[in-house]
Amino acid sequence: MNRVRIGVIGCGAIAQVHHLPNLTALHREFEVPIVCDLSHGAAQAVAKRFHVPQFVTDYNALLKTDIDAVLLCHGDPKTEVALAAFEAGKHVFIEKPVCFSLQEMDAMLAAQDKAGTVAQAGYMKVHDPAFQLAKREVDAMDGYRFVQINHLHPNNSLHLSQFDVERFNDVPPDAFKPASAAREKAQAEAIGDILSQVNPESNIYNKAARVFYLLAGSMIHDIYSLRVMLGSPSEVISAEVWSDGRGVSIVFAYPNGARCVATWVDLPDLWDFKETLEIYGDTKRVSVSYPTGFSRGILSEVTIHGIDADGTTYRRTPAIEWESAFVRELRHFHACITEGESCYTPLDSARNDIALIIDIVKCYVTGTRR
C-alpha cells in the first residue's frame, strides 16, 4: 500500500483529539513527517507527543517539504493556506468550515483544477457508518414527506475536558490580524450586501452576523448531511434567529413538496449533546443520532420504524460498525489520492452549502423566501 506523506497545519483540539491519533493508527496509509502551528509551544508539544520528526510555525516552510498532502485544521478562514497548498501541488484535506464565501470557494476550485490534485472537505458525518446505513434505508423508501433536524449543542469545553488537549499562550496578538482581516473580507463577500440593508446597530444585524458563523461552523454538519441524504432543498421558506442569536430554526422546501424543519440551539451548560436527522415517509421513518464530534468510541445510532407487507409495525436498531467517521474519511482521502477513487465530499459540492447558508441569512434579514 502506498503511504501518503501528509503534513498537518493546525495543532489544536481537533488535531489532538482526532486527526493525529487517527493518522498514527493508519500507519500503513499515512506518514506524518511535519506539523505546523502559529504557536511554537503547540507545534513542538504535538510533534513530541505524536512522534513527528519536524515542526514549524510557518505554513510556507511546511509546503516546501516533500510531503504529498496537507490536512488543514487551523483557525478560519483557511483559504489562503489552501490556495498556497494547491499552488505547491499538494493534495488538500480541509476541515470544516471550508470557507465562508462563494468567491473564496471559486478561487479554491480554480486552484485545485490547475493543480490537478485531490481536495476533500472534512465533512466527516457522511462517512459515519450510521449515516451510510440510514441513507441506504432512505434511498429504498417510496418517498418522504417530512424531515426534522434537532441539534442541541453544549459548550465544547465540557467534552474537551475529557481529553488531554495541550494549549499554549505564546502567539503574539498581531499574528492573528491577517486572519481577522481575511474573515471580515469573506463576510463582506458573502453577506455584505444583505447586512447593508439593515442598521449596523440593530439587533437583526448582530444576530444575522452571528448566525452566519453558526451556520458555517457548527450547523454546517446538518446542512451538508441533509444535502447528501436528500439533495439540496428547492427553497428556504423561513428562518428565525432567536435567544439573542443562540438559536436558529429554518424551514426548507423540497421539490417533491416535503418540508424540513431544522433547529440548532446553544445549551452551553448542559452536558448532554443531541444531534438527530429524521426522515418520515408514509410507511417508514429513519432516524440517525450522532454523538458530539469531541468524543471517541461512542457510536452513532440508527432507528428504523416501518410497516411490513402484512401490516405489522416494526422497530429496528441495527448494529453499527465500530470504525469512526474520522477514520473513514481519512481512509477515503488516501484512496482518492492513491487509487483515483472519486471524492465523496468534493469542494464543488461544498459550494452548494455555502450558497444555502447565504440564502438562509437573506431569508432571515428580508423575511422573504429564497
# chains A, B, ... in the order shown; residues from 1 in each chain; ligands from 1

call {"tool": "residues_around", "arguments": {"residues": "segment 307-318 of chain A", "least_positions_apart": "4", "cutoff": "7 Å", "atoms": "only C-alpha atoms", "output": "PyMOL selection string"}}
result
chain A and resi 283-284+302-303

call {"tool": "closest_atom_pairs", "arguments": {"of": "segment 23-127 of chain A", "to": "segment 335-345 of chain A", "cutoff": "7 Å", "atoms": "only C-alpha atoms", "output": "Markdown table"}}
result
| residue | atom | partner | partner_atom | distance |
| --- | --- | --- | --- | --- |
| A:Val118 | CA | A:Ile337 | CA | 6.4 |
| A:Gln120 | CA | A:Thr345 | CA | 5.7 |
| A:Ala121 | CA | A:Thr345 | CA | 5.5 |
| A:Tyr123 | CA | A:Thr345 | CA | 6.7 |

call {"tool": "closest_residue", "arguments": {"among": "A:Leu109, A:Leu20, A:Leu195, A:Cys99", "to": "Leu71 of chain A", "atoms": "only C-alpha atoms"}}
result
A:Leu20

call {"tool": "closest_residue", "arguments": {"among": "A:Ala115, A:Val228, A:Ala15, A:Ile220", "to": "Asp37 of chain A", "atoms": "only C-alpha atoms"}}
result
A:Ala15

call {"tool": "closest_residue", "arguments": {"among": "A:Gly281, A:Cys36, A:Phe333, A:Leu160", "to": "Asp68 of chain A", "atoms": "only C-alpha atoms"}}
result
A:Phe333

call {"tool": "select_by_dssp", "arguments": {"residues": "segment 36-81 of chain A", "states": "strand (DSSP E or B)", "output": "MDAnalysis selection string"}}
result
chainID A and resid 36 54:56 69:72

call {"tool": "write_last_selection", "arguments": {"atoms": "C-alpha atoms", "output": "PDB file, in the first residue's frame"}}
result
ATOM      1  CA  CYS A  36       2.712  23.365  11.827  1.00  0.00           C
ATOM      2  CA  GLN A  54       9.714  18.130  12.380  1.00  0.00           C
ATOM      3  CA  PHE A  55       7.583  21.078  13.419  1.00  0.00           C
ATOM      4  CA  VAL A  56       7.374  24.652  12.101  1.00  0.00           C
ATOM      5  CA  ALA A  69      -0.726  16.216   1.065  1.00  0.00           C
ATOM      6  CA  VAL A  70      -1.795  18.632   3.776  1.00  0.00           C
ATOM      7  CA  LEU A  71      -4.534  18.462   6.367  1.00  0.00           C
ATOM      8  CA  LEU A  72      -5.830  21.934   7.215  1.00  0.00           C
TER       9      LEU A  72
END

call {"tool": "select_by_dssp", "arguments": {"residues": "segment 200-305 of chain A", "states": "alpha helix (DSSP H)", "output": "PyMOL selection string"}}
result
chain A and resi 203-217+220-230

call {"tool": "write_last_selection", "arguments": {"atoms": "C-alpha atoms", "output": "PDB file, in the first residue's frame"}}
result
ATOM      1  CA  ASN A 203     -30.439  43.542  16.764  1.00  0.00           C
ATOM      2  CA  ILE A 204     -31.157  41.999  13.365  1.00  0.00           C
ATOM      3  CA  TYR A 205     -27.707  42.992  12.084  1.00  0.00           C
ATOM      4  CA  ASN A 206     -25.932  41.465  15.066  1.00  0.00           C
ATOM      5  CA  LYS A 207     -27.974  38.258  15.010  1.00  0.00           C
ATOM      6  CA  ALA A 208     -27.544  37.864  11.239  1.00  0.00           C
ATOM      7  CA  ALA A 209     -23.763  38.122  11.537  1.00  0.00           C
ATOM      8  CA  ARG A 210     -23.701  35.709  14.440  1.00  0.00           C
ATOM      9  CA  VAL A 211     -25.920  33.109  12.793  1.00  0.00           C
ATOM     10  CA  PHE A 212     -23.839  33.287   9.610  1.00  0.00           C
ATOM     11  CA  TYR A 213     -20.842  31.916  11.506  1.00  0.00           C
ATOM     12  CA  LEU A 214     -23.014  29.500  13.479  1.00  0.00           C
ATOM     13  CA  LEU A 215     -24.338  28.017  10.248  1.00  0.00           C
ATOM     14  CA  ALA A 216     -20.878  27.780   8.690  1.00  0.00           C
ATOM     15  CA  GLY A 217     -19.153  26.480  11.806  1.00  0.00           C
ATOM     16  CA  ILE A 220     -22.751  23.004   8.599  1.00  0.00           C
ATOM     17  CA  HIS A 221     -22.783  19.351   9.714  1.00  0.00           C
ATOM     18  CA  ASP A 222     -26.568  19.316   9.453  1.00  0.00           C
ATOM     19  CA  ILE A 223     -26.591  21.257   6.179  1.00  0.00           C
ATOM     20  CA  TYR A 224     -24.204  19.014   4.283  1.00  0.00           C
ATOM     21  CA  SER A 225     -25.648  15.800   5.756  1.00  0.00           C
ATOM     22  CA  LEU A 226     -29.115  16.862   4.651  1.00  0.00           C
ATOM     23  CA  ARG A 227     -27.835  17.604   1.128  1.00  0.00           C
ATOM     24  CA  VAL A 228     -26.054  14.259   0.801  1.00  0.00           C
ATOM     25  CA  MET A 229     -29.082  12.399   2.159  1.00  0.00           C
ATOM     26  CA  LEU A 230     -31.818  14.087   0.086  1.00  0.00           C
TER      27      LEU A 230
END

call {"tool": "closest_residue", "arguments": {"among": "A:Val361, A:Ala42, A:Tyr144, A:Met105", "to": "Val248 of chain A", "atoms": "only C-alpha atoms"}}
result
A:Val361

call {"tool": "residues_around", "arguments": {"residues": "segment 188-192 of chain A", "least_positions_apart": "4", "cutoff": "8 Å", "atoms": "only C-alpha atoms", "output": "VMD selection string"}}
result
chain A and resid 100 to 103 184 196 358 361 to 362
